[in-house]
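Report on the structure given below.
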Amino acid sequence: MKIALSQLNFIVGDLNGNCIKIIDAINQAKQQQCHLIVFSELSICGYAPQDLLDYNNFIEQCEQKVLEVAKTCIGIHAIVGAPTRNPNPTTEGKNLYNSALVLNEGKIVDTYNKGLLPNYDVFDEYRYFESAKKFNCVTINNTKIALTVCEDIWDVEEDLMYTVSPLDELTKEKPQLIINISASPFNYNHLQNRANMLARNNAKYKLPILYVNQVGCNTELIFDGGTMAFNNAGKKVLQANYYEEDFSVLEFKNNDIIGSLTAEKPIEKVENIYKALVYAVQDYFAKTGFTKAVIGLSGGVDSALTACIAVDALGKENVLGILMPSEFSSDHSVKDAEDLAKNLGCDYHILPIKENYESLRKTLAPLYKDLPFNVAEENLQARIRGILVMGVSNKFGHILLNTTNKSEAAVGYGTLYGDMCGGIAVLADVYKTEIYEVCNYVNKDKIRIPVNTLTKAPSAELRPNQKDSDSLPEYDLLDAILFQYIENIKTATEIIKMGYDEKTVTRVVRLINLNEYKRKQMAPVLRVSPKAFGYGRRMPIVGKY
């Protein structure tokens, strides 16, 4: 049996566009005399549809599109992902299942409903779907297949909600092949985790495995693809491309996958983060219909890295830099920002804010009176800059890219309605220490980011001789504490027991908790870590913790 694996970029809710892509791939598979083609999880509607699933007409349209696709499956089987109705919701729970549908000769010939529904981090499937309790193999071209959906192939012990392994149940029927359709989002640990999980299942069940993932950026979530296949001997015989659509054809013969794969070059963490962010920005713009970006260039590493990502994603002609020096901006910062723009070949403009700043201070003088200079005056400068770049965004139809990093977002080192403005937060899941690592990767072949940008002390330059370290711990220490509290979900007490200074840990954790209100109002954060701010980390604004 010839099997095609179709790794596609679906748009959530674009049922017509998704259907066209699926049908085009089916026709391509027919041309190559394939007997079966496999698509990713919820491919009909895109992942994750969220509360679109609450609308009855949305489900009706999904059903119609499934039937349209089925009509093209003449002489070929297709496996697609779609929401399906639970026929007994009053006695068996939710109204919907997350299903894999087998299509052939104009109709749905078999259905597999997902059993292990993820309900953690960015996932909330139990809000919409009922968990299947019974699992049966499907048969295609006389081949018995253990068909599963995403988490159903992961280890049950990783999710304590479930005690039944769908694969354990399916393999009781002695299938010849495992197929998993997935929508597995990127984080810098997940590529290896996926491969390890498939290898474990391959070794446990002694069956070949086909795994199909989707690609594309759906707001915060980056889907990196990486469709894979393992043969009976546990050897990976297919590794589809990352960060692009791909179409692969394999032969299933004598109960094994026939194929070979040359030695893979592993993608290092820093390279992976950069490629994922470039792909995410590119896809975000494509799906929102925008083509041009505007960035406030400060001469610092965050705006420099954001500009590099934007240029590589959109092209230098589609990126505009705005330099907004104040009376506190150093000459070298302005020069660093200019040198960056020249290195990247993108257009830039200098809009000094000194007069605007003096005008606002004069306006506020009757209220401020003789009160000492403090964060209020500092934030005025950030908000003036926010007004200017948002003005450019509105006038010319550019998306403003937010340049806040994860360290700053964590401790509130940013100004609401100032430097926290933007349509998408490109770096807000990348710690400051990681920013420098990624910048060095960007500069590995030639200097794009000025050396001075990478070697000078980080500063917001909102008061004379200001440095970030005046009010924050050094970033290597800060980021280590943040990582333990955010990614590893350790308490302050646990972090202190690891050897960190008590006062420092207490202060950092307090800053994180106090500034939740800021993060709730910032732009969507592109997720590259296992625990990003936003939908995957839901903390109360008002509370004591």
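By order in the structure tokens, chains are A, B, ...; within a chain, residues start at 1; ligands start at 1, following the order shown.
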Name the residues of segment 328-419 of chain A that fall into strand (DSSP E) according to DSSP on the backbone, using the chain letters and numbers of this document, as JSON, numbers by chain.
{"A": [347, 348, 349, 350, 399, 400, 401, 402]}
Let's have the selection written as a PDB file, in the first residue's frame, with N, CA and C atoms.
ATOM      1  N   ASP A 347      14.543  50.519   5.682  1.00  0.00           N
ATOM      2  CA  ASP A 347      14.361  51.967   5.809  1.00  0.00           C
ATOM      3  C   ASP A 347      14.205  52.337   7.284  1.00  0.00           C
ATOM      4  N   TYR A 348      14.618  53.552   7.637  1.00  0.00           N
ATOM      5  CA  TYR A 348      14.447  54.010   9.014  1.00  0.00           C
ATOM      6  C   TYR A 348      14.284  55.525   9.037  1.00  0.00           C
ATOM      7  N   HIS A 349      13.689  56.032  10.103  1.00  0.00           N
ATOM      8  CA  HIS A 349      13.507  57.460  10.306  1.00  0.00           C
ATOM      9  C   HIS A 349      13.840  57.794  11.758  1.00  0.00           C
ATOM     10  N   ILE A 350      14.376  58.972  11.956  1.00  0.00           N
ATOM     11  CA  ILE A 350      14.684  59.452  13.302  1.00  0.00           C
ATOM     12  C   ILE A 350      13.649  60.491  13.704  1.00  0.00           C
ATOM     13  N   ILE A 399       2.050  46.545  10.906  1.00  0.00           N
ATOM     14  CA  ILE A 399       1.879  45.953  12.230  1.00  0.00           C
ATOM     15  C   ILE A 399       3.095  46.337  13.064  1.00  0.00           C
ATOM     16  N   LEU A 400       2.841  46.870  14.262  1.00  0.00           N
ATOM     17  CA  LEU A 400       3.928  47.172  15.183  1.00  0.00           C
ATOM     18  C   LEU A 400       4.357  45.884  15.878  1.00  0.00           C
ATOM     19  N   LEU A 401       5.636  45.569  15.771  1.00  0.00           N
ATOM     20  CA  LEU A 401       6.181  44.402  16.450  1.00  0.00           C
ATOM     21  C   LEU A 401       6.687  44.806  17.824  1.00  0.00           C
ATOM     22  N   ASN A 402       6.145  44.161  18.843  1.00  0.00           N
ATOM     23  CA  ASN A 402       6.581  44.424  20.208  1.00  0.00           C
ATOM     24  C   ASN A 402       7.919  43.734  20.450  1.00  0.00           C
TER      25      ASN A 402
END
So that I can check the surroundings of Ile181 of chain A, please list as a list in words every protein, DNA and RNA residue that reaches within 10 Å of it, counting only C-alpha atoms and ignoring chain neighbours fewer than 5 positions away.
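Here the answer would be Leu5, Val38, Phe39, Ser40, Glu41, Leu42, Ser43, Ile79, Val80, Gly81, Ser99, Ala100, Leu147, Thr148, Val149, Cys150, Glu151, Asp152, Ile153, Leu210, Tyr211, Val212, Asn213, Gln214 and Thr227 of chain A.
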Give me, please, the distance in Å between atom CA of Val215 of chain A and atom CA of Pro185 of chain A, quoted to one decimal.
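About the pair atom CA of Val215 of chain A and atom CA of Pro185 of chain A: they are 8.5 Å apart.
The space separating atom CA of Arg510 of chain A from atom CA of Leu221 of chain A comes to 28.2 Å.
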Please extract the residues of segment 223-443 of chain A with a backbone DSSP assignment of alpha helix (DSSP H) and present them as JSON, numbers by chain.
{"A": [269, 270, 271, 272, 273, 274, 275, 276, 277, 278, 279, 280, 281, 282, 283, 284, 285, 286, 287, 288, 301, 302, 303, 304, 305, 306, 307, 308, 309, 310, 311, 312, 313, 314, 331, 332, 333, 334, 335, 336, 337, 338, 339, 340, 341, 342, 343, 344, 354, 355, 356, 357, 358, 359, 360, 361, 362, 363, 364, 365, 366, 367, 368, 375, 376, 377, 378, 379, 380, 381, 382, 383, 384, 385, 386, 387, 388, 389, 390, 391, 392, 393, 394, 395, 396, 406, 407, 408, 409, 410, 411, 432, 433, 434, 435, 436, 437, 438, 439, 440, 441, 442]}
For segment 535-542 of chain A: contacts at 8 Å, only C-alpha atoms, fewer than 3 positions along chain excluded, given as number ranges by chain
A: 120-123, 513-514, 516-517, 531-532
Of the candidates A:Arg385, A:Lys518, A:Lys503, A:Lys2, which one gets nearest to Glu251 of chain A if we count only C-alpha atoms?
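Among the listed residues, A:Lys2 lies closest to Glu251 of chain A.
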